[in-house]
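**Q** Contents are PDB, C-alpha atoms; file name protein28.pdb:
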ATOM      1  CA  MET T 505       8.296  11.638 -53.608
ATOM      2  CA  ALA T 506       9.556  10.878 -50.101
ATOM      3  CA  ASN T 507       9.673  14.564 -49.177
ATOM      4  CA  GLN T 508       6.103  15.314 -50.227
ATOM      5  CA  SER T 509       3.597  16.141 -47.508
ATOM      6  CA  GLY T 510       1.722  12.942 -48.297
ATOM      7  CA  GLY T 511       4.831  10.768 -48.093
ATOM      8  CA  TRP T 512       6.301   8.934 -45.142
ATOM      9  CA  LEU T 513       7.808  12.157 -43.704
ATOM     10  CA  GLY T 514       4.357  13.693 -43.653
ATOM     11  CA  LYS T 515       2.932  10.654 -41.900
ATOM     12  CA  LEU T 516       5.764  10.676 -39.367
ATOM     13  CA  SER T 517       5.214  14.379 -38.745
ATOM     14  CA  SER T 518       1.531  13.709 -38.130
ATOM     15  CA  LEU T 519       2.416  11.157 -35.471
ATOM     16  CA  ILE T 520       4.744  13.574 -33.672
ATOM     17  CA  ILE T 521       2.656  16.762 -34.097
ATOM     18  CA  PRO T 522      -1.137  16.453 -34.509
ATOM     19  CA  PRO T 523      -2.485  17.995 -37.746
ATOM     20  CA  SER T 524      -4.399  20.634 -35.777
ATOM     21  CA  HIS T 525      -1.059  22.111 -34.711
ATOM     22  CA  HIS T 526       0.295  22.347 -38.242
ATOM     23  CA  GLU T 527      -2.286  24.956 -39.214
ATOM     24  CA  ALA T 528      -4.201  27.341 -37.021
ATOM     25  CA  ALA T 529      -7.932  26.898 -37.261
ATOM     26  CA  ALA T 530      -9.245  29.069 -40.049
ATOM     27  CA  ALA T 531     -10.780  32.241 -38.678
ATOM     28  CA  PRO T 532     -14.396  32.781 -39.709
ATOM     29  CA  SER T 533     -14.725  35.008 -42.763
ATOM     30  CA  VAL T 534     -16.515  38.322 -42.436
ATOM     31  CA  SER T 535     -20.033  37.839 -43.738
ATOM     32  CA  ASN T 536     -22.945  40.255 -43.558
ATOM     33  CA  LYS T 537     -24.559  38.026 -40.946
ATOM     34  CA  ARG T 538     -21.429  38.031 -38.807
ATOM     35  CA  ILE T 539     -21.316  41.850 -38.806
ATOM     36  CA  LEU T 540     -25.005  41.900 -37.860
ATOM     37  CA  ASP T 541     -24.478  39.338 -35.094
ATOM     38  CA  GLU T 542     -21.606  41.388 -33.623
ATOM     39  CA  LEU T 543     -23.746  44.521 -33.599
ATOM     40  CA  VAL T 544     -26.707  42.790 -31.953
ATOM     41  CA  ALA T 545     -24.471  41.116 -29.346
ATOM     42  CA  SER T 546     -22.848  44.457 -28.527
ATOM     43  CA  PHE T 547     -26.237  46.165 -28.233
ATOM     44  CA  GLU T 548     -27.817  43.479 -26.054
ATOM     45  CA  ASP T 549     -24.814  43.451 -23.737
ATOM     46  CA  SER T 550     -25.089  47.231 -23.308
ATOM     47  CA  ILE T 551     -28.625  46.922 -21.889
ATOM     48  CA  GLY T 552     -27.313  44.951 -18.927
ATOM     49  CA  ARG T 553     -24.377  47.321 -18.498
ATOM     50  CA  GLU T 554     -26.152  50.661 -18.810
ATOM     51  CA  SER T 555     -29.724  50.148 -17.541
ATOM     52  CA  VAL T 556     -30.448  51.429 -14.072
ATOM     53  CA  GLY T 557     -33.464  50.953 -11.790
ATOM     54  CA  SER T 558     -36.662  50.977 -13.838
ATOM     55  CA  SER T 559     -34.994  52.657 -16.855
ATOM     56  CA  MET T 560     -33.714  50.692 -19.823
ATOM     57  CA  LEU T 561     -30.573  52.335 -21.173
ATOM     58  CA  PHE T 562     -28.348  51.144 -24.001
ATOM     59  CA  ASN T 563     -25.716  52.062 -26.549
ATOM     60  CA  ALA T 564     -27.070  53.933 -29.573
ATOM     61  CA  HIS T 565     -23.854  54.926 -31.374
ATOM     62  CA  PHE T 566     -21.660  52.286 -32.981
ATOM     63  CA  LEU T 567     -18.346  52.338 -34.810
ATOM     64  CA  ILE T 568     -17.637  49.247 -36.899
ATOM     65  CA  ILE T 569     -13.999  48.935 -37.909
ATOM     66  CA  LEU T 570     -13.023  46.510 -40.660
ATOM     67  CA  HIS T 571      -9.892  45.742 -42.642
ATOM     68  CA  PRO T 572      -9.803  47.864 -45.864
ATOM     69  CA  ASP T 573     -10.234  44.777 -48.072
ATOM     70  CA  THR T 574     -13.217  43.615 -46.009
ATOM     71  CA  TYR T 575     -14.689  47.121 -46.059
ATOM     72  CA  GLU T 576     -14.549  47.260 -49.869
ATOM     73  CA  GLU T 577     -16.058  43.800 -50.135
ATOM     74  CA  ARG T 578     -18.974  44.499 -47.768
ATOM     75  CA  MET T 579     -19.682  48.225 -48.204
ATOM     76  CA  ASN T 580     -22.643  47.763 -50.575
ATOM     77  CA  ALA T 581     -24.414  45.725 -47.902
ATOM     78  CA  PHE T 582     -24.001  48.308 -45.117
ATOM     79  CA  PRO T 583     -27.479  49.890 -45.554
ATOM     80  CA  VAL T 584     -29.120  46.460 -45.349
ATOM     81  CA  ILE T 585     -27.028  45.488 -42.306
ATOM     82  CA  VAL T 586     -28.050  48.728 -40.571
ATOM     83  CA  ASN T 587     -31.707  48.158 -41.424
ATOM     84  CA  GLU T 588     -31.601  44.616 -40.033
ATOM     85  CA  ALA T 589     -29.660  45.778 -36.956
ATOM     86  CA  VAL T 590     -32.335  48.353 -36.094
ATOM     87  CA  ARG T 591     -35.052  45.723 -36.498
ATOM     88  CA  ALA T 592     -33.103  43.369 -34.235
ATOM     89  CA  PHE T 593     -32.505  46.132 -31.672
ATOM     90  CA  ASN T 594     -36.236  46.856 -31.511
ATOM     91  CA  THR T 595     -36.927  43.143 -30.996
ATOM     92  CA  VAL T 596     -34.383  43.002 -28.173
ATOM     93  CA  ILE T 597     -35.916  46.089 -26.552
ATOM     94  CA  GLU T 598     -39.386  44.541 -26.676
ATOM     95  CA  SER T 599     -38.067  41.336 -25.087
ATOM     96  CA  HIS T 600     -36.745  43.343 -22.102
ATOM     97  CA  ARG T 601     -39.750  45.630 -21.573
ATOM     98  CA  SER T 602     -41.129  43.478 -18.757
ATOM     99  CA  GLN T 603     -37.991  44.232 -16.724
ATOM    100  CA  TYR T 604     -38.131  48.028 -17.078
ATOM    101  CA  GLU T 605     -40.888  50.609 -16.796
ATOM    102  CA  GLN T 606     -39.478  52.927 -19.452
ATOM    103  CA  VAL T 607     -37.037  53.044 -22.343
ATOM    104  CA  SER T 608     -34.605  55.880 -21.605
ATOM    105  CA  PRO T 609     -31.957  56.292 -24.322
ATOM    106  CA  VAL T 610     -29.580  59.242 -24.091
ATOM    107  CA  ALA T 611     -29.340  59.763 -27.856
ATOM    108  CA  SER T 612     -32.207  60.590 -30.218
ATOM    109  CA  SER T 613     -31.243  58.277 -33.087
ATOM    110  CA  TRP T 614     -29.292  55.156 -33.919
ATOM    111  CA  TYR T 615     -25.931  56.069 -35.404
ATOM    112  CA  PHE T 616     -23.712  53.617 -37.296
ATOM    113  CA  LYS T 617     -20.345  54.460 -38.783
ATOM    114  CA  PHE T 618     -18.293  51.945 -40.743
ATOM    115  CA  GLY T 619     -14.586  52.570 -41.188
ATOM    116  CA  SER T 620     -11.580  50.795 -42.639
ATOM    117  CA  GLY T 621      -8.178  50.559 -40.995
ATOM    118  CA  ARG T 622      -5.194  48.285 -40.643
ATOM    119  CA  GLU T 623      -4.599  49.150 -36.996
ATOM    120  CA  PHE T 624      -6.724  50.059 -34.004
ATOM    121  CA  GLY T 625      -5.629  50.690 -30.431
ATOM    122  CA  GLY T 626      -2.136  49.424 -31.162
ATOM    123  CA  GLU T 627      -3.434  46.119 -32.533
ATOM    124  CA  PRO T 628      -3.490  45.067 -36.192
ATOM    125  CA  VAL T 629      -6.853  44.772 -37.883
ATOM    126  CA  ASN T 630      -6.907  41.569 -39.946
ATOM    127  CA  VAL T 631      -9.206  40.762 -42.861
ATOM    128  CA  THR T 632     -11.272  38.488 -40.585
ATOM    129  CA  ASP T 633     -11.592  41.002 -37.723
ATOM    130  CA  ILE T 634     -14.684  42.996 -36.770
ATOM    131  CA  HIS T 635     -14.221  45.699 -34.140
ATOM    132  CA  VAL T 636     -17.560  46.923 -32.773
ATOM    133  CA  ILE T 637     -17.331  49.902 -30.429
ATOM    134  CA  GLY T 638     -20.524  51.106 -28.800
ATOM    135  CA  ALA T 639     -21.362  54.119 -26.656
ATOM    136  CA  LEU T 640     -24.463  55.790 -25.289
ATOM    137  CA  THR T 641     -23.835  58.735 -27.621
ATOM    138  CA  GLY T 642     -21.154  61.113 -28.829
ATOM    139  CA  ILE T 643     -18.444  59.015 -30.508
ATOM    140  CA  LEU T 644     -18.830  60.539 -33.953
ATOM    141  CA  ALA T 645     -15.393  60.981 -35.435
ATOM    142  CA  GLY T 646     -14.515  64.668 -35.510
ATOM    143  CA  THR T 647     -17.478  65.777 -33.368
ATOM    144  CA  ALA T 648     -17.042  63.742 -30.194
ATOM    145  CA  GLN T 649     -17.138  65.597 -26.928
ATOM    146  CA  PRO T 650     -14.621  64.150 -24.471
ATOM    147  CA  GLN T 651     -16.307  62.564 -21.475
ATOM    148  CA  ALA T 652     -13.090  61.686 -19.647
ATOM    149  CA  PRO T 653      -9.676  63.315 -19.144
ATOM    150  CA  ALA T 654      -7.043  63.309 -21.892
ATOM    151  CA  ASP T 655      -9.557  63.360 -24.754
ATOM    152  CA  LYS T 656     -10.941  59.928 -24.003
ATOM    153  CA  VAL T 657     -14.445  58.584 -24.393
ATOM    154  CA  ASN T 658     -16.006  55.796 -22.348
ATOM    155  CA  VAL T 659     -17.086  52.972 -24.634
ATOM    156  CA  THR T 660     -17.935  49.272 -24.612
ATOM    157  CA  ARG T 661     -15.547  47.307 -26.763
ATOM    158  CA  ARG T 662     -15.743  43.681 -27.839
ATOM    159  CA  VAL T 663     -12.635  41.878 -26.623
ATOM    160  CA  LYS T 664     -10.893  40.218 -29.544
ATOM    161  CA  GLN T 665     -11.518  36.482 -29.972
ATOM    162  CA  THR T 666     -13.716  36.233 -26.883
ATOM    163  CA  ASN T 667     -17.363  36.597 -26.014
ATOM    164  CA  ARG T 668     -16.626  39.198 -23.343
ATOM    165  CA  TYR T 669     -16.988  42.959 -23.441
ATOM    166  CA  GLU T 670     -14.994  45.498 -21.529
ATOM    167  CA  LYS T 671     -15.839  49.057 -20.532
ATOM    168  CA  VAL T 672     -12.806  51.170 -21.387
ATOM    169  CA  ASP T 673     -11.731  54.744 -21.940
ATOM    170  CA  VAL T 674     -10.691  54.827 -25.587
ATOM    171  CA  ASP T 675      -8.244  57.535 -26.590
ATOM    172  CA  LEU T 676      -9.839  59.443 -29.466
ATOM    173  CA  ASN T 677      -6.436  59.501 -31.160
ATOM    174  CA  ALA T 678      -6.912  55.762 -31.702
ATOM    175  CA  PHE T 679      -9.346  56.662 -34.475
ATOM    176  CA  GLN T 680      -6.942  58.872 -36.428
ATOM    177  CA  HIS T 681      -5.699  56.009 -38.614
ATOM    178  CA  ILE T 682      -9.210  54.824 -39.409
ATOM    179  CA  ASP T 683     -10.748  55.871 -42.710
ATOM    180  CA  PHE T 684     -14.336  56.796 -41.818
ATOM    181  CA  ARG T 685     -15.862  57.357 -45.245
ATOM    182  CA  GLU T 686     -19.051  59.384 -45.276
ATOM    183  CA  PRO T 687     -20.978  56.813 -47.391
ATOM    184  CA  GLY T 688     -20.383  54.421 -44.475
ATOM    185  CA  ALA T 689     -22.367  56.537 -41.997
ATOM    186  CA  PHE T 690     -26.043  55.926 -41.259
ATOM    187  CA  VAL T 691     -28.526  57.653 -38.953
ATOM    188  CA  VAL T 692     -31.911  56.106 -38.114
ATOM    189  CA  LYS T 693     -34.304  58.022 -35.882
ATOM    190  CA  PHE T 694     -35.707  56.082 -32.931
ATOM    191  CA  ASN T 695     -39.128  54.594 -33.552
ATOM    192  CA  PHE T 696     -39.558  51.921 -30.910
ATOM    193  CA  GLY T 697     -42.134  49.283 -31.648
ATOM    194  CA  THR T 698     -42.292  50.106 -35.368
ATOM    195  CA  PRO T 699     -39.777  48.618 -37.798
ATOM    196  CA  PRO T 700     -38.014  51.025 -40.173
ATOM    197  CA  PRO T 701     -39.661  51.413 -43.579
ATOM    198  CA  PRO T 702     -38.554  48.785 -46.104
ATOM    199  CA  ALA T 703     -36.564  49.840 -49.135
ATOM    200  CA  SER T 704     -38.835  50.420 -52.105
ATOM    201  CA  PRO T 705     -38.001  47.979 -54.925
ATOM    202  CA  GLY T 706     -37.036  49.663 -58.168
ATOM    203  CA  ARG T 707     -38.476  53.134 -57.743
ATOM    204  CA  ALA T 708     -39.143  54.499 -61.245
ATOM    205  CA  PRO T 709     -38.888  58.158 -62.227
ATOM    206  CA  VAL T 710     -42.109  60.086 -62.723
ATOM    207  CA  VAL T 711     -42.748  61.004 -66.341
ATOM    208  CA  GLY T 712     -45.486  63.018 -67.981
ATOM    209  CA  ALA T 713     -47.031  60.301 -70.120
ATOM    210  CA  GLY T 714     -49.053  57.505 -68.633
ATOM    211  CA  VAL T 715     -49.565  59.129 -65.222
ATOM    212  CA  THR T 716     -52.981  58.475 -63.747
ATOM    213  CA  LYS T 717     -54.588  61.716 -62.765
ATOM    214  CA  ALA T 718     -55.950  62.081 -59.252
ATOM    215  CA  ASN T 719     -58.287  64.632 -57.792
ATOM    216  CA  PRO T 720     -56.326  67.639 -56.533
ATOM    217  CA  SER T 721     -55.928  67.449 -52.807
ATOM    218  CA  SER T 722     -57.343  70.110 -50.553
ATOM    219  CA  LEU T 723     -55.086  72.445 -48.646
ATOM    220  CA  PRO T 724     -54.071  71.483 -45.098
ATOM    221  CA  ARG T 725     -56.263  72.308 -42.152
ATOM    222  CA  SER T 726     -54.177  75.393 -41.294
ATOM    223  CA  LEU T 727     -51.368  77.413 -42.818
ATOM    224  CA  ASN T 728     -49.140  76.726 -39.821
ATOM    225  CA  GLU T 729     -49.556  72.975 -40.291
ATOM    226  CA  GLY T 730     -48.350  73.099 -43.892
ATOM    227  CA  LEU T 731     -48.770  70.561 -46.681
ATOM    228  CA  ALA T 732     -46.240  68.313 -44.994
ATOM    229  CA  GLN T 733     -43.824  68.185 -42.075
ATOM    230  CA  LEU T 734     -40.142  67.295 -42.160
ATOM    231  CA  ASP T 735     -38.417  66.383 -38.915
ATOM    232  CA  TYR T 736     -34.683  66.280 -39.489
ATOM    233  CA  TYR T 737     -31.577  65.314 -37.559
ATOM    234  CA  ILE T 738     -28.037  66.595 -38.257
ATOM    235  CA  ALA T 739     -25.515  63.963 -37.181
ATOM    236  CA  GLU T 740     -22.475  66.260 -37.029
ATOM    237  CA  THR T 741     -24.147  68.522 -34.453
ATOM    238  CA  SER T 742     -26.548  65.949 -32.925
ATOM    239  CA  ARG T 743     -29.417  68.447 -33.253
ATOM    240  CA  GLU T 744     -33.039  67.997 -34.335
ATOM    241  CA  TYR T 745     -35.346  70.438 -36.126
ATOM    242  CA  THR T 746     -38.845  70.550 -37.586
ATOM    243  CA  TYR T 747     -39.838  72.238 -40.846
ATOM    244  CA  ALA T 748     -43.400  72.850 -42.061
ATOM    245  CA  MET T 749     -43.718  72.642 -45.849
ATOM    246  CA  ARG T 750     -46.157  75.490 -46.557
ATOM    247  CA  ASP T 751     -45.229  75.974 -50.233
ATOM    248  CA  ARG T 752     -46.131  73.567 -52.996
ATOM    249  CA  GLU T 753     -42.433  73.281 -53.834
ATOM    250  CA  ILE T 754     -39.438  73.652 -51.521
ATOM    251  CA  VAL T 755     -35.668  73.549 -51.959
ATOM    252  CA  ILE T 756     -33.367  71.754 -49.520
ATOM    253  CA  ALA T 757     -30.031  73.554 -49.384
ATOM    254  CA  ARG T 758     -27.061  74.304 -47.181
ATOM    255  CA  LYS T 759     -27.526  77.311 -44.933
ATOM    256  CA  GLU T 760     -25.670  80.120 -46.697
ATOM    257  CA  PRO T 761     -26.165  83.932 -46.585
ATOM    258  CA  GLU T 762     -27.310  84.068 -50.222
ATOM    259  CA  ASN T 763     -30.154  81.642 -49.437
ATOM    260  CA  GLN T 764     -31.601  83.487 -46.456
ATOM    261  CA  HIS T 765     -34.141  85.543 -48.412
ATOM    262  CA  PHE T 766     -35.843  82.592 -50.156
ATOM    263  CA  PRO T 767     -39.081  81.813 -48.271
ATOM    264  CA  ASN T 768     -39.412  78.270 -49.644
ATOM    265  CA  TYR T 769     -35.913  77.072 -48.708
ATOM    266  CA  LEU T 770     -35.314  74.474 -46.030
ATOM    267  CA  LEU T 771     -31.843  75.590 -44.924
ATOM    268  CA  VAL T 772     -29.730  72.916 -43.239
ATOM    269  CA  GLU T 773     -26.678  73.980 -41.269
ATOM    270  CA  SER T 774     -24.387  71.172 -42.409
ATOM    271  CA  ALA T 775     -21.266  70.986 -44.548
ATOM    272  CA  TYR T 776     -22.559  67.656 -45.884
ATOM    273  CA  VAL T 777     -25.552  69.254 -47.616
ATOM    274  CA  SER T 778     -25.118  70.612 -51.145
ATOM    275  CA  ASN T 779     -26.301  74.027 -52.320
ATOM    276  CA  PRO T 780     -28.886  73.190 -53.571
ATOM    277  CA  HIS T 781     -29.240  69.531 -52.596
ATOM    278  CA  ALA T 782     -32.818  68.539 -53.501
ATOM    279  CA  ARG T 783     -36.344  69.755 -54.171
ATOM    280  CA  ILE T 784     -39.686  68.431 -52.942
ATOM    281  CA  ARG T 785     -42.964  69.348 -54.601
ATOM    282  CA  PHE T 786     -46.654  68.586 -54.301
ATOM    283  CA  ASN T 787     -47.961  67.552 -57.711
ATOM    284  CA  GLU T 788     -51.593  68.660 -57.876
ATOM    285  CA  SER T 789     -52.318  66.637 -61.012
ATOM    286  CA  THR T 790     -51.452  63.347 -59.273
ATOM    287  CA  GLY T 791     -52.191  64.377 -55.688
ATOM    288  CA  SER T 792     -48.761  63.122 -54.604
ATOM    289  CA  PHE T 793     -45.415  64.411 -53.371
ATOM    290  CA  GLN T 794     -42.250  64.057 -55.449
ATOM    291  CA  ILE T 795     -38.537  64.579 -54.928
ATOM    292  CA  THR T 796     -35.545  65.302 -57.143
ATOM    293  CA  SER T 797     -31.846  65.454 -56.211
ATOM    294  CA  PHE T 798     -29.143  67.785 -57.556
ATOM    295  CA  SER T 799     -26.269  66.714 -55.322
ATOM    296  CA  ARG T 800     -23.210  64.763 -56.416
ATOM    297  CA  ASN T 801     -23.386  63.263 -52.935
ATOM    298  CA  GLU T 802     -25.920  60.598 -52.057
ATOM    299  CA  THR T 803     -29.612  61.269 -51.619
ATOM    300  CA  ARG T 804     -31.625  58.229 -50.521
ATOM    301  CA  VAL T 805     -35.345  57.691 -49.943
ATOM    302  CA  ASN T 806     -36.077  54.673 -47.747
ATOM    303  CA  GLU T 807     -32.497  53.510 -48.431
ATOM    304  CA  GLN T 808     -32.925  53.722 -52.225
ATOM    305  CA  LEU T 809     -30.517  55.957 -54.104
ATOM    306  CA  ILE T 810     -32.065  58.870 -56.025
ATOM    307  CA  PRO T 811     -29.908  59.624 -59.100
ATOM    308  CA  LYS T 812     -28.646  63.142 -59.610
ATOM    309  CA  SER T 813     -30.573  65.498 -61.896
ATOM    310  CA  GLU T 814     -29.590  68.802 -63.435
ATOM    311  CA  PRO T 815     -31.431  71.807 -61.919
ATOM    312  CA  ALA T 816     -32.618  72.853 -65.385
ATOM    313  CA  ASN T 817     -33.962  69.377 -66.141
ATOM    314  CA  PRO T 818     -35.103  67.709 -62.891
ATOM    315  CA  VAL T 819     -36.171  64.055 -62.863
ATOM    316  CA  TRP T 820     -38.914  63.566 -60.281
ATOM    317  CA  TYR T 821     -39.421  60.485 -58.098
ATOM    318  CA  GLU T 822     -42.440  59.592 -56.011
ATOM    319  CA  LEU T 823     -42.014  60.483 -52.332
ATOM    320  CA  PRO T 824     -44.194  58.186 -50.208
ATOM    321  CA  ASP T 825     -45.755  59.317 -46.968
ATOM    322  CA  LYS T 826     -43.674  58.732 -43.822
ATOM    323  CA  ALA T 827     -40.546  58.343 -45.945
ATOM    324  CA  GLN T 828     -37.010  58.643 -44.612
ATOM    325  CA  ILE T 829     -34.728  60.880 -46.682
ATOM    326  CA  LEU T 830     -30.966  60.570 -46.116
ATOM    327  CA  LEU T 831     -28.665  63.354 -47.364
ATOM    328  CA  ASN T 832     -25.014  62.401 -47.788
ATOM    329  CA  SER T 833     -25.349  59.836 -44.974
ATOM    330  CA  MET T 834     -25.296  62.648 -42.381
ATOM    331  CA  VAL T 835     -28.675  64.407 -42.384
ATOM    332  CA  THR T 836     -31.842  62.374 -41.852
ATOM    333  CA  LEU T 837     -35.246  63.835 -42.748
ATOM    334  CA  ASN T 838     -38.514  62.139 -41.858
ATOM    335  CA  PHE T 839     -41.213  63.257 -44.263
ATOM    336  CA  GLN T 840     -44.907  63.135 -43.350
ATOM    337  CA  SER T 841     -47.802  64.458 -45.400
ATOM    338  CA  ASN T 842     -50.472  66.572 -43.657
ATOM    339  CA  ARG T 843     -53.072  66.115 -46.397
TER     340      ARG T 843
END
Please lay out the structure from this file as structure tokens.
**A**
Amino acid sequence: MANQSGGWLGKLSSLIIPPSHHEAAAAPSVSNKRILDELVASFEDSIGRESVGSSMLFNAHFLIILHPDTYEERMNAFPVIVNEAVRAFNTVIESHRSQYEQVSPVASSWYFKFGSGREFGGEPVNVTDIHVIGALTGILAGTAQPQAPADKVNVTRRVKQTNRYEKVDVDLNAFQHIDFREPGAFVVKFNFGTPPPPASPGRAPVVGAGVTKANPSSLPRSLNEGLAQLDYYIAETSREYTYAMRDREIVIARKEPENQHFPNYLLVESAYVSNPHARIRFNESTGSFQITSFSRNETRVNEQLIPKSEPANPVWYELPDKAQILLNSMVTLNFQSNR
């Protein structure tokens, strides 16, 4: 047909208006690698912006805002993206060590929060957009402490469709239309020079039959030291604590008045922790530590989800030494055996 795009009218149109003007160049789709690249670029840029004198300073808190459809499509990859981002950040830090005498972050952990929204700062968020907002610390939605007048926080924001970054005061009200889901929040304690522990492939539950018996382990060197130590960080309050596991079995629970009299309870002052949330025990027959979860919210060990058990019928999973335990994406515990 003469009026088809491939007919003579189409050819004439191509002579008058180049094909590149008929259609805008397709925007790059949002891949896992592209999210990672945006995070790394934002982090590396912050070193040049924030470092001073002999001290290397950088952004440690990041908000990643995606279109709701993109969020749903990519959400299962968020833990892997965070893990790779932390590895990349450590590599970048090592590459800059010759320029600075010391690494001097303001925060105590990396904090990543993914959210979905159709609008941010008065601009639409399209399915191909990635908004990365970084700050030294303190931009957790709902817990941010204003650092500038009019409830604003000073952040580094990637300028849309450019390779530049701008330091701006972002009105905290700009986040009110963003859906920051708790499963999209991740906290990783700083451990410069050592990559985060890899996710354990296919952790199997511990069952009675077929378990190889080990010699019972001796008690720790002192009662104060405990069988193990748990250093934990509460994201909503940005506070750190240390707990010595002196009992062969402990319960991790929300801090409530009815729990105060239990000597083997690790009480966490956080609304994101269930009551009870999990138990950790030292199994003398195998000489190993184990964990079980009772929460309907997520419990992860080295990024691997631990399925929920019933308190009356717990299913135990091996808890490796120097493991990272994540409760509901908001409380991070670093477990270390003292045996």
**Q** Could you work out how far CA of Phe582 (chain T) lies from CA of Met834 (chain T), giving the answer in Å with one decimal?
**A**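 Interatomic distance, CA of Met834 (chain T) to CA of Phe582 (chain T): 14.7 Å.
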**Q** Quick one: everything within 7 Å of region 757-767 of chain T, counting all atoms listed in the file, minus sequence neighbours fewer than 5 positions away in the same chain. Send it as a list in words.
**A**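 With the cut-off at 7 Å, the set is Val772, Glu773, Ser774, Val777, Ser778, Asn779, Pro780 and His781 of chain T.
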**Q** Measuring between all atoms listed in the file, which one of T:Glu802, T:Glu605, T:Glu822, T:Glu788 shows the shortest distance to Arg843 (chain T)?
**A**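 Going through T:Glu802, T:Glu605, T:Glu822, T:Glu788 one by one, the smallest distance to Arg843 (chain T) is for T:Glu788.
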**Q** Selection in question (the file shown): the PyMOL selection byres ((chain T and resi 634) around 7). Which residues does it include, as JSON, numbers by chain?
**A** {"T": [568, 569, 570, 632, 633, 635, 636]}
**Q** T:Asn594, T:Gln606, T:Ser613, T:Ser533: which is nearest Val556 (chain T), counting only C-alpha atoms?
**A** T:Gln606
